[in-house]
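Notes follow once the structure below has been shown.
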Amino acid sequence: MSEETSLSEQRLLEVADLRIAFVSGRSLLAAVDGVDFQVAAGETLALLGESGCGKSATALGLLRLLPAAGRIPGGAVRFEGRDLLALPEAEMRGVRGGGMAMIFQEPATSLNPVLTVGHQLGEVLERHLGLSGQPARERSLELLSAVGIADAPRRLGEYPFQLSGGMKQRVMIAVALAGNPRLLIADEPTTALDVTIQAQILELLRRLQAERAMGMLLITHDLGVVAQMATRVAVMYAGQIVEEAPHALFFSAARHPYTQKLFAALPDLERRGGRLETIPGQVPPLSAMPAGCRFASRCQYAWELCRQQAPEWRQVAPGHRLRCHLDVLPEAAAGISAVGAGSAALRSGVDQLAAPALLSVKDLRVHFAIRRGILQRTVGQVRAVDGVSLELARGRTLALVGESGCGKTTVGKAILQLIAASGGSVHLLGQELGSLTRKGRRPLRRRMQMIFQDPFASLNPRMAVGEIIGEGMSALRIDMQRQGRGAAIAAVLEQVGLEAAAASRYPHEFSGGQRQRIAIARALAVQPDLVICDEPTSALDVSVQAQILNLLATLQADLGLAYLFITHNFAVVDHLAHEVAVMYLGRIVERGTVDEVLRSPQHPYTRALLSAVPSTRLDAQPAFIRLPGETPSPANPPSGCHFHPRCRQATAACRERYPETTTLSSTHTVRCHLHG
C-alpha cells in the first residue's frame with residue numbers, strides 16, 4: 001500500500017472547490033468561493049478569519065444546514081469516502097450527529113428552551129445509538145460528567161435558562177458528542193466566555209479528541225485559542241482560503257499580508273500603551289467582490305497585478321501554501337509586525353498616581369431581595385456587590401476583571417445610579433450621588449456615561465444614528481447654539497472615525513465595529529468625564545478590536561477621559577489599563593497597577609485567572625490552574641473567604657473569617673490570609 005493511499009484512508013473529511021452562494025433577488029451572491037481542505041482523524045484544523053469571511057457558512061454547508069436562501073452551486077464534500085452533497089436527506093440525517101456533529105456559536109439559541117437537558121440528549125442517543133429509557137439516562141449522565149458538569153442527575157431535569165453560559169456551552173458539547181461523531185465542527189466554542197471557563201472547555205475538547213481520535217474543524221478568530229488547539233491553520237478571507245500551514249510554521253513564519261496584519265493587531269506587551277496595527281477598510285460585501293486579489297484594497301503591498309488577477313496557490317514550504325502575488329520578504333514581514341511597537345504612548349498620566357480622584361466609591365453594596373410565596377415575603381438577599389471601594393482619576397483607566405456573575409456590571413450600573421445601591425457612597429467630582437434627588441443628579445448625568453457590551457441591542461433600531469446621538473444632547477440640554485445640532489452630531493461622528501453621512505443611516509446598516517463606534521459617539525456626545533466601558537470589545541474580530549482600542553486611547557489622551565473598563569480580556573487590560581481590580585463574588589480581592597497585578601499576582605484567584613489566558617507565543621503558554629467546583633451563588637456565599645472552597649491553599653483561617661486588606665505597596669493591595 002502506498003503512503004498516499006494510507007493518508008487518504010486516514011482523512012475523515014475532504015473538501016474540494018466548495019462553493020456556497022445565497023439568493024438575493026434574481027442573482028446568486030457567492031459567500032464561499034472554491035474552498036479546499038482536509039481533516040484527518042485526531043487532527044484539528046483551525047479556520048481563522050474576520051467576521052463575514054465565510055467560516056460559519058462553510059461549516060453549515062458541510063452539514064447541509066444552510067438557510068432557505070443558501071445554495072451549493074459546486075464542489076465536493078467527502079466524509080469517510082461518501083459524497084455528502086449527493087446523499088438524500090434521509091441518509092444525511094444519519095451523518096449529522098452520528099458521523100459529523102457541530103457545536104454552534106451561541107448555545108443559548110441552539111438549545112431548545114422548552115426541552116430539558118435530558119430530553120435533548122435523549123433525542124440524539126435514540127436517533128444515532130438506539131438508546132432509550134434507563135440506558136439513555138445512564139449514558140446522558142456519563143456525557144454530562146465527561147464535560148465537567150457537577151450534580152448531573154439534577155441538571156438532566158433542568159432547562160437551558162437555568163444554566164450559566166459556561167454550563168450551556170458544556171451541554172452543547174455533550175449533545176454534539178452524544179452520537180459518538182468521528183468529526184466535530186466547533187464554531188467559536190468559547191466566544192465571550194470567561195477565561196477560566198474557556199480554558200476548561202478547550203482542555204475538555206483536547207481530552208475527548210485524544211480519547212476518541214476525533215477530527216476537529218475549529219472555527220475561531222482568537223489566535224490564542226488557535227495556538228492551544230490547532231494541528232494546522234487555514235486563514236480565510238472573503239470566501240477564500242488565502243494561507244494554510246502547519247501549527248508551528250504558521251506561528252513562526254506566516255507569509256500572507258492578511259495573516260501578518262491579524263498578528264500585528266493583537267495587543268502585545270511590546271506595544272503596550274502605543275497604537276495597535278489596524279487593517280483599513282472592511283471585508284468586501286458579497287455583492288461587490290473584487291476581480292483580482294480580494295485583499296488588495298486593504299493591503300499596503302498591493303500592486304497593479306493584485307487588482308487585476310486573482311492569485312493562484314503557491315507552495316512556500318512543506319505543507320505551507322498561500323494565495324499571493326507577492327514574495328513576502330522577511331524584512332517586509334518584520335515591517336508589519338513592528339508597526340506600533342515604537343509608537344509614542346497614548347495613555348496619559350501613567351505616572352500621575354497622586355492625581356485627585358474624579359470618582360470615589362466607598363463600601364458600595366447592591367443587594368437584591370429574594371421574595372417567595374403569595375405575599376412575596378423577603379426570604380434572603382443576593383449580595384451582587386458587597387463592599388466595593390475604588391478610586392479613579394482623570395485620564396486614567398481602571399480595569400475591573402473577574403468571572404461572569406462576580407458583580408462587575410452591577411458595580412458600573414450602581415455607579416451611574418442606574419441601579420439603586422443598598423449601602424455605601426459614590427462621589428463624582430466631590431458630590432455624593434446617592435443623596436441627590438433625581439433633579440439634583442441631572443447636571444451630573446452628562447459627566448458619566450456607559451458603553452454597553454452589545455451595541456446592536458443598546459441602539460434603537462428604529463432611530464437613525466443622528467437621532468440616537470442627538471437624543472442624549474437634547475435630554476441633558478447640551479448647548480449646541482454655537483454650531484447647531486447637525487454640526488455637533490457630525491463633529492462627534494468624525495471624532496470616532498465615522499463620516500457625517502452616517503447620521504442618516506440606521507444601526508443595522510453598519511458592521512459590528514462601526515456600531516461600537518456609534519455607541520462610543522453617543523456616550524461622547526454629552527461631553528462626559530467618566531466613561532464606563534462594559535466589555536466594549538467582547539466578541540469583536542482582532543482587527544476591529546484594535547480600531548476600538550486605538551480610538552479609546554486617543555480619546556483619553558485628547559479629552560482626559562477616565563475609563564472604568566469592565567472586561568475578561570487580559571490582553572486588552574494589559575494594553576489599555578493603568579490599574580487593575582480583580583473581583584470575586586461581589587468583592588475586590590486584589591488591586592494594583594497593571595505590572596503589579598499581571599506580572600506579580602498575589603491572590604490565588606488572580607493567579608488562576610492569568611493561568612487560563614491563552615497565549616499566541618508557543619514558548620510562553622502558562623500551566624493552567626484548574627479551579628475545582630463552580631462559583632458559589634451570591635445568595636449563599638461561603639463563610640470566611642468566599643474563595644476558600646476553590647482554593648488549594650486554603651487554611652482554617654480562610655474558612656472562619658473574611659481576610660482584611662493587606663497593603664503590599666503604595667498601590668498594591670490584596671485580601672488574602674496568605675498575606676495577612
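Convention: chains lettered A, B, ... in C-alpha cells order; per-chain residue numbering from 1; ligands numbered from 1 as shown.
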Do you know which residues are at most 10 Å from A:Arg93 counting only C-alpha atoms, after dropping those on the same chain fewer than 3 positions away, and could you put them as an MDAnalysis selection string? chainID A and resid 63:64 87:90 96:99 127:128
List the spatial neighbours of A:Asp386 as a list in words - criterion: any atom at most 7 Å away, only C-alpha atoms, same-chain residues fewer than 6 positions off excluded. Leu364, Arg365, Val366, Gly586 and Arg587 of chain A
Those residues with N, CA, C and O atoms, as a CSV table (one decimal), in the first residue's frame please?
chain,number,residue,atom,x,y,z
A,364,LEU,N,-19.4,50.2,48.5
A,364,LEU,CA,-20.6,50.1,47.7
A,364,LEU,C,-21.2,48.7,47.9
A,364,LEU,O,-20.5,47.7,47.7
A,365,ARG,N,-22.5,48.7,48.2
A,365,ARG,CA,-23.2,47.4,48.3
A,365,ARG,C,-24.5,47.5,47.5
A,365,ARG,O,-25.2,48.5,47.5
A,366,VAL,N,-24.8,46.4,46.7
A,366,VAL,CA,-26.0,46.2,46.0
A,366,VAL,C,-26.6,44.9,46.3
A,366,VAL,O,-26.0,43.8,45.9
A,586,GLY,N,-18.6,39.6,44.3
A,586,GLY,CA,-19.1,40.9,44.9
A,586,GLY,C,-18.1,41.7,45.6
A,586,GLY,O,-18.4,42.8,46.1
A,587,ARG,N,-16.8,41.2,45.7
A,587,ARG,CA,-15.8,41.9,46.4
A,587,ARG,C,-14.5,42.0,45.6
A,587,ARG,O,-14.2,41.1,44.9
Quick one: contact table of stretch 116-205 of chain A to stretch 228-249 of chain A, 10 Å max, nearest atom pair and distance in Å to one decimal per residue, counting only C-alpha atoms, chain and number order, as CSV?
residue,atom,partner,partner_atom,distance
A:Ala199,CA,A:Gln228,CA,9.7
A:Leu202,CA,A:Met229,CA,7.5
A:Glu203,CA,A:Met229,CA,9.0
A:Leu205,CA,A:Met229,CA,8.9
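Taking atom CA of A:Arg11 and atom CA of A:Asn180 as the two end points, the separation is 17.4 Å.
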If you count only C-alpha atoms, which residues fall within 10 Å of stretch 641-646 of chain A, apart from same-chain ones fewer than 4 positions away, as a ChimeraX atom specification? /A:584-587,589,604-605,626-632,634,637,650-660,671-673
Written selection (N, CA, C and O atoms) as a compact mmCIF listing (two decimals), in the first residue's frame:
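Output file again.txt is given in full below:
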# COMPACT_ATOMS: atom_id res chain seq x y z
N TYR A 584 -14.25 39.08 42.89
CA TYR A 584 -14.75 37.72 43.07
C TYR A 584 -15.94 37.76 44.02
O TYR A 584 -15.82 38.22 45.16
N LEU A 585 -17.07 37.31 43.55
CA LEU A 585 -18.29 37.19 44.35
C LEU A 585 -18.62 38.49 45.10
O LEU A 585 -18.84 38.50 46.30
N GLY A 586 -18.64 39.59 44.34
CA GLY A 586 -19.10 40.86 44.89
C GLY A 586 -18.07 41.69 45.61
O GLY A 586 -18.38 42.79 46.08
N ARG A 587 -16.81 41.18 45.71
CA ARG A 587 -15.78 41.93 46.44
C ARG A 587 -14.49 41.99 45.63
O ARG A 587 -14.18 41.07 44.87
N VAL A 589 -10.71 41.49 45.43
CA VAL A 589 -9.76 40.67 46.19
C VAL A 589 -8.30 41.07 45.96
O VAL A 589 -7.43 40.73 46.75
N PRO A 604 -4.55 33.88 45.07
CA PRO A 604 -4.67 32.63 44.30
C PRO A 604 -5.69 32.71 43.17
O PRO A 604 -5.50 32.09 42.13
N TYR A 605 -6.75 33.49 43.34
CA TYR A 605 -7.75 33.64 42.29
C TYR A 605 -7.18 34.38 41.09
O TYR A 605 -7.40 33.98 39.93
N ARG A 626 -6.51 24.71 37.32
CA ARG A 626 -7.95 24.39 37.28
C ARG A 626 -8.58 24.68 38.64
O ARG A 626 -8.12 24.18 39.66
N LEU A 627 -9.64 25.48 38.62
CA LEU A 627 -10.36 25.77 39.85
C LEU A 627 -11.44 24.71 40.06
O LEU A 627 -12.29 24.53 39.19
N PRO A 628 -11.42 24.00 41.19
CA PRO A 628 -12.45 22.98 41.42
C PRO A 628 -13.81 23.62 41.67
O PRO A 628 -13.91 24.75 42.15
N GLY A 629 -14.87 22.88 41.33
CA GLY A 629 -16.22 23.35 41.61
C GLY A 629 -16.63 24.52 40.75
O GLY A 629 -16.02 24.84 39.73
N GLU A 630 -17.71 25.17 41.15
CA GLU A 630 -18.26 26.31 40.43
C GLU A 630 -18.27 27.54 41.33
O GLU A 630 -18.14 27.43 42.55
N THR A 631 -18.43 28.72 40.72
CA THR A 631 -18.54 29.94 41.51
C THR A 631 -19.77 29.84 42.40
O THR A 631 -20.87 29.58 41.91
N PRO A 632 -19.62 30.04 43.71
CA PRO A 632 -20.79 29.94 44.61
C PRO A 632 -21.84 31.00 44.27
O PRO A 632 -21.55 32.02 43.63
N PRO A 634 -24.14 34.15 44.89
CA PRO A 634 -24.08 35.33 45.78
C PRO A 634 -25.25 35.37 46.76
O PRO A 634 -25.23 36.17 47.70
N PRO A 637 -23.24 32.95 49.89
CA PRO A 637 -21.77 32.89 49.79
C PRO A 637 -21.19 32.05 50.91
O PRO A 637 -21.75 31.94 52.00
N ALA A 650 -6.11 26.98 50.85
CA ALA A 650 -6.98 27.42 51.94
C ALA A 650 -6.55 26.81 53.28
O ALA A 650 -6.17 25.64 53.35
N THR A 651 -6.63 27.61 54.34
CA THR A 651 -6.31 27.17 55.69
C THR A 651 -7.58 27.29 56.56
O THR A 651 -8.63 27.72 56.09
N ALA A 652 -7.43 26.93 57.83
CA ALA A 652 -8.57 27.02 58.75
C ALA A 652 -9.05 28.46 58.88
O ALA A 652 -10.26 28.72 58.96
N ALA A 653 -8.12 29.41 58.87
CA ALA A 653 -8.50 30.82 58.97
C ALA A 653 -9.35 31.26 57.79
O ALA A 653 -10.27 32.07 57.94
N CYS A 654 -9.05 30.71 56.62
CA CYS A 654 -9.81 31.06 55.41
C CYS A 654 -11.27 30.64 55.54
O CYS A 654 -12.17 31.29 54.99
N ARG A 655 -11.52 29.54 56.25
CA ARG A 655 -12.89 29.03 56.39
C ARG A 655 -13.67 29.76 57.49
O ARG A 655 -14.89 29.68 57.54
N GLU A 656 -12.96 30.49 58.34
CA GLU A 656 -13.60 31.09 59.51
C GLU A 656 -13.93 32.57 59.33
O GLU A 656 -14.97 33.03 59.78
N ARG A 657 -13.05 33.34 58.69
CA ARG A 657 -13.30 34.78 58.60
C ARG A 657 -12.79 35.34 57.28
O ARG A 657 -11.83 34.81 56.69
N TYR A 658 -13.45 36.40 56.83
CA TYR A 658 -13.03 37.04 55.58
C TYR A 658 -11.75 37.85 55.83
O TYR A 658 -11.65 38.55 56.84
N PRO A 659 -10.76 37.73 54.95
CA PRO A 659 -9.48 38.42 55.19
C PRO A 659 -9.59 39.93 55.10
O PRO A 659 -10.36 40.46 54.30
N GLU A 660 -8.81 40.62 55.91
CA GLU A 660 -8.71 42.07 55.84
C GLU A 660 -7.80 42.45 54.67
O GLU A 660 -7.08 41.61 54.11
N ARG A 671 -6.63 40.93 49.47
CA ARG A 671 -7.41 40.41 50.60
C ARG A 671 -7.25 38.90 50.61
O ARG A 671 -7.97 38.17 49.92
N CYS A 672 -6.26 38.44 51.39
CA CYS A 672 -5.94 37.02 51.43
C CYS A 672 -5.18 36.72 52.72
O CYS A 672 -4.26 37.46 53.08
N HIS A 673 -5.57 35.65 53.41
CA HIS A 673 -4.91 35.29 54.67
C HIS A 673 -3.46 34.87 54.46
O HIS A 673 -2.67 34.87 55.41
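Proximity to A:Arg515 was assessed for A:Gln449, A:Ser287, A:Ser458, A:Thr554 counting only C-alpha atoms; the smallest distance is recorded for A:Ser458.
Of the listed residues A:Val283, A:Val542, A:Val572, A:Ile478, the one whose atoms come nearest to A:Leu400 is A:Val572, with distances taken using only C-alpha atoms.
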Excluding A:Glu312 and its own-chain neighbours fewer than 4 positions away, which residues fall within 10 Å of it when counting only C-alpha atoms? Please give them as a list of chain:residue names. A:Val242, A:Cys293, A:Leu322, A:Arg323, A:Cys324, A:His325
